[in-house]
Amino acid sequence: MNDKSREGGVEAPTRHPINWKTGDFNDEASLFGELERVFDICHGCRRCVSLCNAFPTLFDLIDESETFEIDGVKKENYWDVVEHCYLCDLCYMAKCPYVPPHEWNVDFPHLMLRAKAQNFKKGNVGIRDKVLTSTDAVGSFVGIPVIAQTVNITNKSKPIRKIMEKTIGIHSEAVLPKFYSKSLRKRFKKIKKNNALEKTAYKDKVAIFVTCYGNRNEPDVIEDLIAILKHNKIETKLVKQEKCCGMPKMELGDLESVESLKNFNIPQLMELVEDNYNIIAPIPSCVLMFKKELPLLFPDDESVQKVKNAFYDPFEFLMSLKKDGNLNTKFIKSLGEVAYHAPCHQRVQNIGPKTKDILELIPNTNITLIERCSGHNGTYAVKSEYHEISMKICKPVISKIETSNVDHYISDCPMAGHQIDNGVQNIEVRSESPFTLLREAYGI
């Protein structure tokens with residue numbers, strides 16, 4: 001997606017900083033005034049109806065009201081709309097013709113963030129949602145070997161999952177992540193030891209922000225990424241210390257926790273920036289957080305802005321190697337027909353389909369791009385009240401894969417891949433990581 005690809009407009013969307021500590025951001029009357037203004041504009045347009053359930057919810061409220069206009073909707077029902085927004089940003093970056101610099105200045109996702117923040121401050125967020133978004137604490141506890149085994153067994157038990165749905169509101173059919181006691185960070189110590197005696201003329205330097213999910217839930221995938229970087233003669237290290245990027249807490253409206261996580265992570269990353277390291281993260285949401293959201297939440301923090309400029313999507317980085325003539329393109333295995341789901345949080349970064357571009361360099365490999373939401377979106381798909389809606393959102397992706405004769409299907413977001421797996425039937429293939437396929441093509 002280039003800067004002028006937004007439907008209905010010729011100018012690129014302009015994003016304003018989020019002044020969440022001052023002004024009207026925390027004023028309830030001001031919030032509801034802006035909600036009514038923006039909802040009325042959305043009602044008159046309706047271009048975003050297919051993106052998520054926030055817009056159908058809004059339009060149903062209006063269509064079922066006495067006036068068939070926003071003034072007929074009760075203010076307390078506005079929260080129904082807010083709850084269905086998971087801040088994917090697609091409406092802002094791809095659909096809405098009224099975003100800045102348009103004079104109507106519509107920023108639907110950040111208005112929803114404002115509402116979520118006020119709702120969180122009022123104490124209207126339950127313990128389930130607070131726990132689900134506390135990824136570091138959950139990962140550290142569940143990462144204990146005996147507990148990891150127990151949790152993984154429990155998550156596959158249908159009777160126990162039914163109990164979990166009734167008691168804590170986690171849907172019995174939702175895919176829950178597998179936990180590994182042997183985390184990526186533990187594995188990397190062995191990788192470093194094995195590589196200690198190698199002498200390599202490095203072409204560049206990369207530090208991996210592993211992410212809480214990559215470390216505890218998908219360490220095999222991150223090992224594939226490390227192998228790819230090594231194969232391309234890239235000096236690779238892990239960020240020395242890290243905490244969650246803050247995206248789950250931002251989606252909850254807990255901006256003070258976002259700031260606390262930022263205050264821990266940014267100094268760690270700045271050390272790498274000053275040592276001329278490029279920084280990448282394997283999860284699109286985490287890349288988006290450092291490239292887009294934190295710079296808007298903390299526009300006056302110079303370190304945040306410097307980290308932003310050094311942060312890359314992994315395939316964006318690999319494409320930069322290709323442009324410089326430094327990408328290893330000696331592939332020994334073709335991949336055949338591959339369906340590629342591009343996650344929302346990658347699409348809104350405006351970097352283009354770099355994963356597709358890299359994989360298409362592999363001989364006899366054809367990539368079919370699917371640009372539709374998987375419906376997973378952090379914790380949304382696991383909640384009992386939203387899971388069925390999330391699977392409905394995912395249905396176009398599932399249908400495309402089921403009706404295509406593919407050898408593989410992939411997503412840059414492993415959580416989206418598992419969500420798609422949850423709906424795919426009648427075919428044997430299951431989601432894979434693009435890192436895994438690229439490593440396979442290299443034969444390493």
# chains A, B, ... in the order shown; residues from 1 in each chain; ligands from 1
$ closest_atom_pairs --of "stretch 324-387 of chain A" --to "stretch 411-422 of chain A" --cutoff "6 Å" --atoms "only C-alpha atoms" --output "CSV"
residue,atom,partner,partner_atom,distance
A:Tyr340,CA,A:Ser411,CA,5.9
A:His341,CA,A:Ser411,CA,4.8
A:Ser374,CA,A:Ala416,CA,5.6
A:His376,CA,A:Ala416,CA,5.8
$ write_last_selection --atoms "C-alpha atoms" --output "JSON list (two decimals), in the first residue's frame"
[["chain", "number", "residue", "atom", "x", "y", "z"],
["A", 340, "TYR", "CA", -0.72, -15.18, 1.96],
["A", 341, "HIS", "CA", -2.91, -13.45, 4.54],
["A", 374, "SER", "CA", -8.79, -12.53, 10.34],
["A", 376, "HIS", "CA", -8.50, -12.37, 15.87]]
$ select_by_dssp --residues "stretch 140-243 of chain A" --states "strand (DSSP E)" --output "MDAnalysis selection string"
chainID A and resid 204:208 234:238
$ write_last_selection --atoms "N, CA and C atoms" --output "PDB file, in the first residue's frame"
ATOM      1  N   ASP A 204      25.337  -6.392   7.834  1.00  0.00           N
ATOM      2  CA  ASP A 204      24.529  -5.436   8.589  1.00  0.00           C
ATOM      3  C   ASP A 204      24.303  -5.989   9.981  1.00  0.00           C
ATOM      4  N   LYS A 205      23.647  -5.190  10.827  1.00  0.00           N
ATOM      5  CA  LYS A 205      23.403  -5.600  12.206  1.00  0.00           C
ATOM      6  C   LYS A 205      21.917  -5.472  12.526  1.00  0.00           C
ATOM      7  N   VAL A 206      21.380  -6.510  13.159  1.00  0.00           N
ATOM      8  CA  VAL A 206      19.963  -6.506  13.526  1.00  0.00           C
ATOM      9  C   VAL A 206      19.805  -6.979  14.961  1.00  0.00           C
ATOM     10  N   ALA A 207      18.947  -6.291  15.687  1.00  0.00           N
ATOM     11  CA  ALA A 207      18.531  -6.736  17.016  1.00  0.00           C
ATOM     12  C   ALA A 207      17.057  -7.108  16.934  1.00  0.00           C
ATOM     13  N   ILE A 208      16.715  -8.257  17.487  1.00  0.00           N
ATOM     14  CA  ILE A 208      15.329  -8.732  17.440  1.00  0.00           C
ATOM     15  C   ILE A 208      14.624  -8.417  18.759  1.00  0.00           C
ATOM     16  N   ILE A 234      23.892 -11.509   8.403  1.00  0.00           N
ATOM     17  CA  ILE A 234      23.474 -10.392   9.237  1.00  0.00           C
ATOM     18  C   ILE A 234      23.847 -10.699  10.684  1.00  0.00           C
ATOM     19  N   GLU A 235      24.608  -9.828  11.287  1.00  0.00           N
ATOM     20  CA  GLU A 235      24.915  -9.979  12.710  1.00  0.00           C
ATOM     21  C   GLU A 235      23.611  -9.829  13.492  1.00  0.00           C
ATOM     22  N   THR A 236      23.274 -10.848  14.262  1.00  0.00           N
ATOM     23  CA  THR A 236      21.967 -10.887  14.913  1.00  0.00           C
ATOM     24  C   THR A 236      22.111 -11.067  16.416  1.00  0.00           C
ATOM     25  N   LYS A 237      21.374 -10.263  17.153  1.00  0.00           N
ATOM     26  CA  LYS A 237      21.317 -10.400  18.595  1.00  0.00           C
ATOM     27  C   LYS A 237      19.890 -10.138  19.048  1.00  0.00           C
ATOM     28  N   LEU A 238      19.585 -10.510  20.272  1.00  0.00           N
ATOM     29  CA  LEU A 238      18.291 -10.191  20.855  1.00  0.00           C
ATOM     30  C   LEU A 238      18.409  -8.909  21.666  1.00  0.00           C
TER      31      LEU A 238
END
$ closest_residue --among "A:Gly169, A:Pro299, A:Gly33, A:Gly443" --to "A:Glu385" --atoms "only C-alpha atoms"
A:Gly169
$ atom_distance --atom1 "atom CA of A:Ile367" --atom2 "atom CA of A:Pro314"
17.9 Å
$ closest_residue --among "A:Lys383, A:Lys395, A:Lys249, A:His408" --to "A:Glu173" --atoms "only C-alpha atoms"
A:Lys383
$ select_by_dssp --residues "stretch 151-363 of chain A" --states "alpha helix (DSSP H)" --output "number ranges by chain"
A: 151-155, 158-168, 184-195, 212-216, 219-231, 247-252, 255-274, 284-288, 294-297, 302-310, 314-323, 344-347, 354-359
$ residues_around --residues "stretch 396-404 of chain A" --least-positions-apart "2" --cutoff "6 Å" --atoms "only C-alpha atoms" --output "list in words"
Cys394, Val406 and Val424 of chain A
$ atom_distance --atom1 "atom CA of A:Trp104" --atom2 "atom CA of A:His345"
24.8 Å
$ residues_around --residues "A:Phe290" --least-positions-apart "2" --cutoff "8 Å" --atoms "only C-alpha atoms" --output "JSON, numbers by chain"
{"A": [245, 286, 287, 288, 292, 293, 294, 295, 304, 307, 308, 311]}
$ write_last_selection --atoms "N, CA and C atoms" --output "PDB file, in the first residue's frame"
ATOM      1  N   CYS A 245       5.264  -4.869  24.236  1.00  0.00           N
ATOM      2  CA  CYS A 245       5.301  -3.618  23.478  1.00  0.00           C
ATOM      3  C   CYS A 245       4.245  -2.628  23.948  1.00  0.00           C
ATOM      4  N   CYS A 286       3.516  -5.509  17.197  1.00  0.00           N
ATOM      5  CA  CYS A 286       4.618  -4.927  17.962  1.00  0.00           C
ATOM      6  C   CYS A 286       5.393  -3.929  17.109  1.00  0.00           C
ATOM      7  N   VAL A 287       5.582  -4.259  15.829  1.00  0.00           N
ATOM      8  CA  VAL A 287       6.237  -3.314  14.927  1.00  0.00           C
ATOM      9  C   VAL A 287       5.406  -2.042  14.829  1.00  0.00           C
ATOM     10  N   LEU A 288       4.100  -2.201  14.659  1.00  0.00           N
ATOM     11  CA  LEU A 288       3.202  -1.046  14.558  1.00  0.00           C
ATOM     12  C   LEU A 288       3.275  -0.181  15.809  1.00  0.00           C
ATOM     13  N   LYS A 292       4.365   3.462  14.891  1.00  0.00           N
ATOM     14  CA  LYS A 292       3.222   4.356  14.716  1.00  0.00           C
ATOM     15  C   LYS A 292       2.616   4.850  16.021  1.00  0.00           C
ATOM     16  N   GLU A 293       2.217   3.922  16.883  1.00  0.00           N
ATOM     17  CA  GLU A 293       1.403   4.295  18.034  1.00  0.00           C
ATOM     18  C   GLU A 293       2.187   5.011  19.132  1.00  0.00           C
ATOM     19  N   LEU A 294       3.324   4.467  19.551  1.00  0.00           N
ATOM     20  CA  LEU A 294       4.108   5.141  20.588  1.00  0.00           C
ATOM     21  C   LEU A 294       4.566   6.529  20.155  1.00  0.00           C
ATOM     22  N   PRO A 295       5.015   6.719  18.909  1.00  0.00           N
ATOM     23  CA  PRO A 295       5.370   8.082  18.485  1.00  0.00           C
ATOM     24  C   PRO A 295       4.202   9.059  18.537  1.00  0.00           C
ATOM     25  N   VAL A 304      11.816   7.970  21.594  1.00  0.00           N
ATOM     26  CA  VAL A 304      10.756   7.218  20.923  1.00  0.00           C
ATOM     27  C   VAL A 304      10.821   7.451  19.416  1.00  0.00           C
ATOM     28  N   VAL A 307      13.865   5.568  17.936  1.00  0.00           N
ATOM     29  CA  VAL A 307      13.594   4.125  17.842  1.00  0.00           C
ATOM     30  C   VAL A 307      12.657   3.855  16.672  1.00  0.00           C
ATOM     31  N   LYS A 308      11.670   4.696  16.501  1.00  0.00           N
ATOM     32  CA  LYS A 308      10.743   4.568  15.364  1.00  0.00           C
ATOM     33  C   LYS A 308      11.509   4.479  14.044  1.00  0.00           C
ATOM     34  N   PHE A 311      13.204   1.037  13.441  1.00  0.00           N
ATOM     35  CA  PHE A 311      12.382  -0.166  13.583  1.00  0.00           C
ATOM     36  C   PHE A 311      11.841  -0.611  12.230  1.00  0.00           C
TER      37      PHE A 311
END
$ residues_around --residues "stretch 214-223 of chain A" --least-positions-apart "6" --cutoff "7 Å" --atoms "only C-alpha atoms" --output "list in words"
Gly139, Gly143, Pro177, Lys178, Phe179, Tyr180, Ser183, Leu184, Arg185, Ser433, Phe435 and Thr436 of chain A
